[in-house]
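One structure is given below, encoded as structure tokens.
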Amino acid sequence: MRVEYDRDICIGMFQCVEEWVGFEQDLDAGKVDLVDGERIDADWGEEVYAVEVPADEELDAEFSGRVCPVDAIRVWNDDGDRVV
Ligand code: SF4
């Protein structure tokens, strides 16, 4: 599973932090950081980071994407299908 996160879209509501340890609050910036995320070029956002999710964290990671109110988080399964 792969998570992509656009820090530019994020409005710092912090619901994702409650669901998955892969996101950490940056209270000064009013954003979250994607832990170990690598900055990538993506056609859907301006400041996108990506990370591969450990198998035992996949459900939590998926929920983090589902609760984001501004769709700043996208999730793909190992077959390359977008699930969130
Ligand atoms: S839920 Fe979405 S808007 Fe809220 S902190 Fe997480 S990524 Fe940002």
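Following the order of the structure tokens, chains are lettered A, B, ..., residues in each are numbered from 1, and ligands are numbered from 1.
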
Select from chain A every residue with an atom at most 12 Å from any atom of ligand 1, then for each give the shortest pair of atoms and their distance in Å to one decimal, using only C-alpha atoms and all ligand atoms, rows by chain and rising number, as CSV.
```
residue,atom,partner,partner_atom_place_in_ligand_line,distance
A:Val3,CA,ligand 1,7 (S),11.2
A:Glu4,CA,ligand 1,7 (S),10.0
A:Tyr5,CA,ligand 1,7 (S),6.8
A:Asp6,CA,ligand 1,7 (S),7.5
A:Arg7,CA,ligand 1,7 (S),7.2
A:Asp8,CA,ligand 1,8 (Fe),9.0
A:Ile9,CA,ligand 1,3 (S),7.1
A:Cys10,CA,ligand 1,8 (Fe),3.7
A:Ile11,CA,ligand 1,3 (S),4.3
A:Gly12,CA,ligand 1,5 (S),3.8
A:Met13,CA,ligand 1,4 (Fe),3.7
A:Phe14,CA,ligand 1,5 (S),3.6
A:Gln15,CA,ligand 1,1 (S),4.4
A:Cys16,CA,ligand 1,1 (S),4.3
A:Val17,CA,ligand 1,6 (Fe),6.4
A:Glu18,CA,ligand 1,1 (S),8.9
A:Glu19,CA,ligand 1,1 (S),9.3
A:Trp20,CA,ligand 1,6 (Fe),9.9
A:Val21,CA,ligand 1,6 (Fe),11.4
A:Gly22,CA,ligand 1,6 (Fe),10.4
A:Phe23,CA,ligand 1,6 (Fe),7.4
A:Glu24,CA,ligand 1,5 (S),8.6
A:Gln25,CA,ligand 1,5 (S),7.4
A:Asp26,CA,ligand 1,5 (S),9.1
A:Leu27,CA,ligand 1,5 (S),10.0
A:Ala29,CA,ligand 1,5 (S),10.7
A:Gly30,CA,ligand 1,5 (S),7.8
A:Lys31,CA,ligand 1,5 (S),5.7
A:Val32,CA,ligand 1,5 (S),5.2
A:Asp33,CA,ligand 1,7 (S),8.5
A:Leu34,CA,ligand 1,7 (S),8.9
A:Val48,CA,ligand 1,7 (S),11.1
A:Tyr49,CA,ligand 1,7 (S),11.3
A:Ala61,CA,ligand 1,6 (Fe),11.2
A:Glu62,CA,ligand 1,1 (S),11.8
A:Phe63,CA,ligand 1,1 (S),10.0
A:Ser64,CA,ligand 1,1 (S),6.9
A:Gly65,CA,ligand 1,1 (S),7.3
A:Arg66,CA,ligand 1,1 (S),8.5
A:Val67,CA,ligand 1,1 (S),6.0
A:Cys68,CA,ligand 1,1 (S),3.6
A:Pro69,CA,ligand 1,2 (Fe),5.8
A:Val70,CA,ligand 1,3 (S),5.7
A:Asp71,CA,ligand 1,2 (Fe),6.4
A:Ala72,CA,ligand 1,7 (S),5.1
A:Ile73,CA,ligand 1,7 (S),5.9
A:Arg74,CA,ligand 1,7 (S),9.7
```

Go ahead and write the selection's residues with C-alpha atoms as a CSV table (one decimal), in the first residue's frame.
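Result file follows (part-v9.csv):
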```
chain,number,residue,atom,x,y,z
A,3,VAL,CA,0.0,6.8,0.7
A,4,GLU,CA,0.4,10.2,-1.0
A,5,TYR,CA,-0.3,13.4,0.9
A,6,ASP,CA,-0.5,17.0,-0.3
A,7,ARG,CA,0.7,19.3,2.3
A,8,ASP,CA,-0.5,22.3,0.3
A,9,ILE,CA,-4.1,21.1,0.5
A,10,CYS,CA,-4.0,20.2,4.2
A,11,ILE,CA,-5.9,22.6,6.5
A,12,GLY,CA,-4.7,21.0,9.8
A,13,MET,CA,-7.9,19.5,11.1
A,14,PHE,CA,-5.8,16.6,12.4
A,15,GLN,CA,-8.3,13.8,12.0
A,16,CYS,CA,-5.8,11.7,10.2
A,17,VAL,CA,-3.4,11.8,13.2
A,18,GLU,CA,-6.1,10.1,15.3
A,19,GLU,CA,-6.3,7.2,12.8
A,20,TRP,CA,-2.6,6.4,11.8
A,21,VAL,CA,0.8,7.0,13.3
A,22,GLY,CA,2.1,7.8,9.8
A,23,PHE,CA,1.0,11.4,10.3
A,24,GLU,CA,2.4,13.8,12.8
A,25,GLN,CA,1.1,17.2,13.8
A,26,ASP,CA,3.1,20.3,13.0
A,27,LEU,CA,1.2,22.8,15.2
A,29,ALA,CA,2.5,25.2,10.5
A,30,GLY,CA,-1.0,24.0,11.0
A,31,LYS,CA,-0.3,21.0,8.9
A,32,VAL,CA,0.7,17.4,9.3
A,33,ASP,CA,3.9,15.8,8.2
A,34,LEU,CA,4.0,12.4,6.5
A,48,VAL,CA,3.0,15.9,-2.5
A,49,TYR,CA,4.8,13.4,-0.3
A,61,ALA,CA,-3.5,4.3,6.8
A,62,GLU,CA,-6.6,3.8,4.8
A,63,PHE,CA,-8.8,5.3,7.5
A,64,SER,CA,-6.5,8.3,7.7
A,65,GLY,CA,-7.3,9.0,4.1
A,66,ARG,CA,-11.1,8.4,4.6
A,67,VAL,CA,-11.4,11.0,7.4
A,68,CYS,CA,-9.6,13.8,5.7
A,69,PRO,CA,-12.2,16.5,4.9
A,70,VAL,CA,-10.3,18.1,2.1
A,71,ASP,CA,-9.0,15.0,0.3
A,72,ALA,CA,-5.4,15.8,1.0
A,73,ILE,CA,-4.6,12.0,1.3
A,74,ARG,CA,-4.7,9.5,-1.5
```

Q: Check the DSSP output for the backbone and give back, as a list in words, the residues of range 1-74 of chain A in helix (DSSP H, G or I).
A: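 Here are the helix (DSSP H, G or I) residues of range 1-74 of chain A: Gln15, Cys16, Val17, Glu18, Glu19, Ala55, Asp56, Glu57, Glu58, Leu59, Asp60, Ala61, Glu62, Phe63, Ser64, Gly65, Arg66 and Val67 of chain A.
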
Using the selection just defined, write its residues with N, CA and C atoms as a short mmCIF file (atom, residue, chain, number, x, y, z; two decimals), in the first residue's frame.
```cif
data_model
loop_
_atom_site.label_atom_id
_atom_site.label_comp_id
_atom_site.auth_asym_id
_atom_site.auth_seq_id
_atom_site.Cartn_x
_atom_site.Cartn_y
_atom_site.Cartn_z
N GLN A 15 -7.64 15.11 11.90
CA GLN A 15 -8.34 13.82 12.04
C GLN A 15 -7.45 12.65 11.66
N CYS A 16 -6.61 12.82 10.66
CA CYS A 16 -5.76 11.72 10.19
C CYS A 16 -4.81 11.23 11.28
N VAL A 17 -4.37 12.14 12.13
CA VAL A 17 -3.44 11.80 13.20
C VAL A 17 -4.08 10.82 14.20
N GLU A 18 -5.39 10.94 14.34
CA GLU A 18 -6.11 10.06 15.26
C GLU A 18 -6.20 8.64 14.72
N GLU A 19 -6.04 8.49 13.40
CA GLU A 19 -6.25 7.19 12.76
C GLU A 19 -4.97 6.41 12.52
N ALA A 55 2.69 -3.46 6.24
CA ALA A 55 1.48 -4.29 6.10
C ALA A 55 0.57 -4.20 7.32
N ASP A 56 1.15 -4.12 8.50
CA ASP A 56 0.31 -4.12 9.70
C ASP A 56 -0.29 -2.75 10.01
N GLU A 57 -0.02 -1.76 9.15
CA GLU A 57 -0.60 -0.43 9.36
C GLU A 57 -1.58 -0.04 8.25
N GLU A 58 -1.85 -0.97 7.34
CA GLU A 58 -2.61 -0.61 6.14
C GLU A 58 -4.03 -0.13 6.45
N LEU A 59 -4.69 -0.81 7.38
CA LEU A 59 -6.07 -0.41 7.69
C LEU A 59 -6.10 0.99 8.30
N ASP A 60 -5.18 1.24 9.21
CA ASP A 60 -5.10 2.57 9.83
C ASP A 60 -4.80 3.63 8.77
N ALA A 61 -3.88 3.34 7.88
CA ALA A 61 -3.52 4.30 6.84
C ALA A 61 -4.71 4.61 5.94
N GLU A 62 -5.46 3.57 5.61
CA GLU A 62 -6.64 3.78 4.76
C GLU A 62 -7.65 4.69 5.47
N PHE A 63 -7.87 4.44 6.75
CA PHE A 63 -8.82 5.27 7.49
C PHE A 63 -8.33 6.72 7.58
N SER A 64 -7.05 6.92 7.68
CA SER A 64 -6.54 8.29 7.75
C SER A 64 -6.94 9.05 6.48
N GLY A 65 -6.91 8.36 5.36
CA GLY A 65 -7.35 9.00 4.12
C GLY A 65 -8.84 9.24 4.09
N ARG A 66 -9.59 8.31 4.62
CA ARG A 66 -11.05 8.43 4.55
C ARG A 66 -11.57 9.58 5.42
N VAL A 67 -10.88 9.92 6.49
CA VAL A 67 -11.40 10.96 7.38
C VAL A 67 -10.96 12.37 6.98
#
```

Q | strand (DSSP E) residues, from DSSP on the backbone, in chain A, as a VMD selection string | A | chain A and resid 2 to 6 23 to 26 31 to 34 38 to 40 48 to 52 73 to 76

**Q.** Nearby residues (only C-alpha atoms) at most 8 Å from Met1 in chain A, same-chain spacing under 2 positions excluded, as a ChimeraX atom specification
**A.** /A:3,52-55,58,75-78

For N, CA and C atoms, I'd like the residues from the last selection saved as a PDB file, in the first residue's frame.
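So the final result, stored in again.pdb, reads:
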```
ATOM      1  N   VAL A   3       0.733   5.595   0.332  1.00  0.00           N
ATOM      2  CA  VAL A   3      -0.009   6.801   0.697  1.00  0.00           C
ATOM      3  C   VAL A   3       0.687   8.008   0.091  1.00  0.00           C
ATOM      4  N   GLU A  52       5.570   4.191   1.441  1.00  0.00           N
ATOM      5  CA  GLU A  52       5.021   2.837   1.436  1.00  0.00           C
ATOM      6  C   GLU A  52       4.596   2.489   2.861  1.00  0.00           C
ATOM      7  N   VAL A  53       3.430   1.883   2.998  1.00  0.00           N
ATOM      8  CA  VAL A  53       2.843   1.604   4.307  1.00  0.00           C
ATOM      9  C   VAL A  53       3.194   0.176   4.736  1.00  0.00           C
ATOM     10  N   PRO A  54       3.695  -0.004   5.964  1.00  0.00           N
ATOM     11  CA  PRO A  54       3.919  -1.369   6.471  1.00  0.00           C
ATOM     12  C   PRO A  54       2.613  -2.154   6.487  1.00  0.00           C
ATOM     13  N   ALA A  55       2.689  -3.463   6.244  1.00  0.00           N
ATOM     14  CA  ALA A  55       1.483  -4.290   6.105  1.00  0.00           C
ATOM     15  C   ALA A  55       0.569  -4.200   7.322  1.00  0.00           C
ATOM     16  N   GLU A  58      -1.848  -0.971   7.337  1.00  0.00           N
ATOM     17  CA  GLU A  58      -2.615  -0.608   6.142  1.00  0.00           C
ATOM     18  C   GLU A  58      -4.030  -0.135   6.455  1.00  0.00           C
ATOM     19  N   VAL A  75      -4.703   7.033  -1.336  1.00  0.00           N
ATOM     20  CA  VAL A  75      -4.196   5.717  -0.949  1.00  0.00           C
ATOM     21  C   VAL A  75      -4.360   4.740  -2.105  1.00  0.00           C
ATOM     22  N   TRP A  76      -3.292   3.994  -2.404  1.00  0.00           N
ATOM     23  CA  TRP A  76      -3.329   2.971  -3.443  1.00  0.00           C
ATOM     24  C   TRP A  76      -2.980   1.617  -2.850  1.00  0.00           C
ATOM     25  N   ASN A  77      -3.642   0.554  -3.347  1.00  0.00           N
ATOM     26  CA  ASN A  77      -3.258  -0.776  -2.916  1.00  0.00           C
ATOM     27  C   ASN A  77      -2.075  -1.266  -3.759  1.00  0.00           C
ATOM     28  N   ASP A  78      -1.613  -2.474  -3.454  1.00  0.00           N
ATOM     29  CA  ASP A  78      -0.411  -3.005  -4.123  1.00  0.00           C
ATOM     30  C   ASP A  78      -0.641  -3.339  -5.578  1.00  0.00           C
TER      31      ASP A  78
END
```
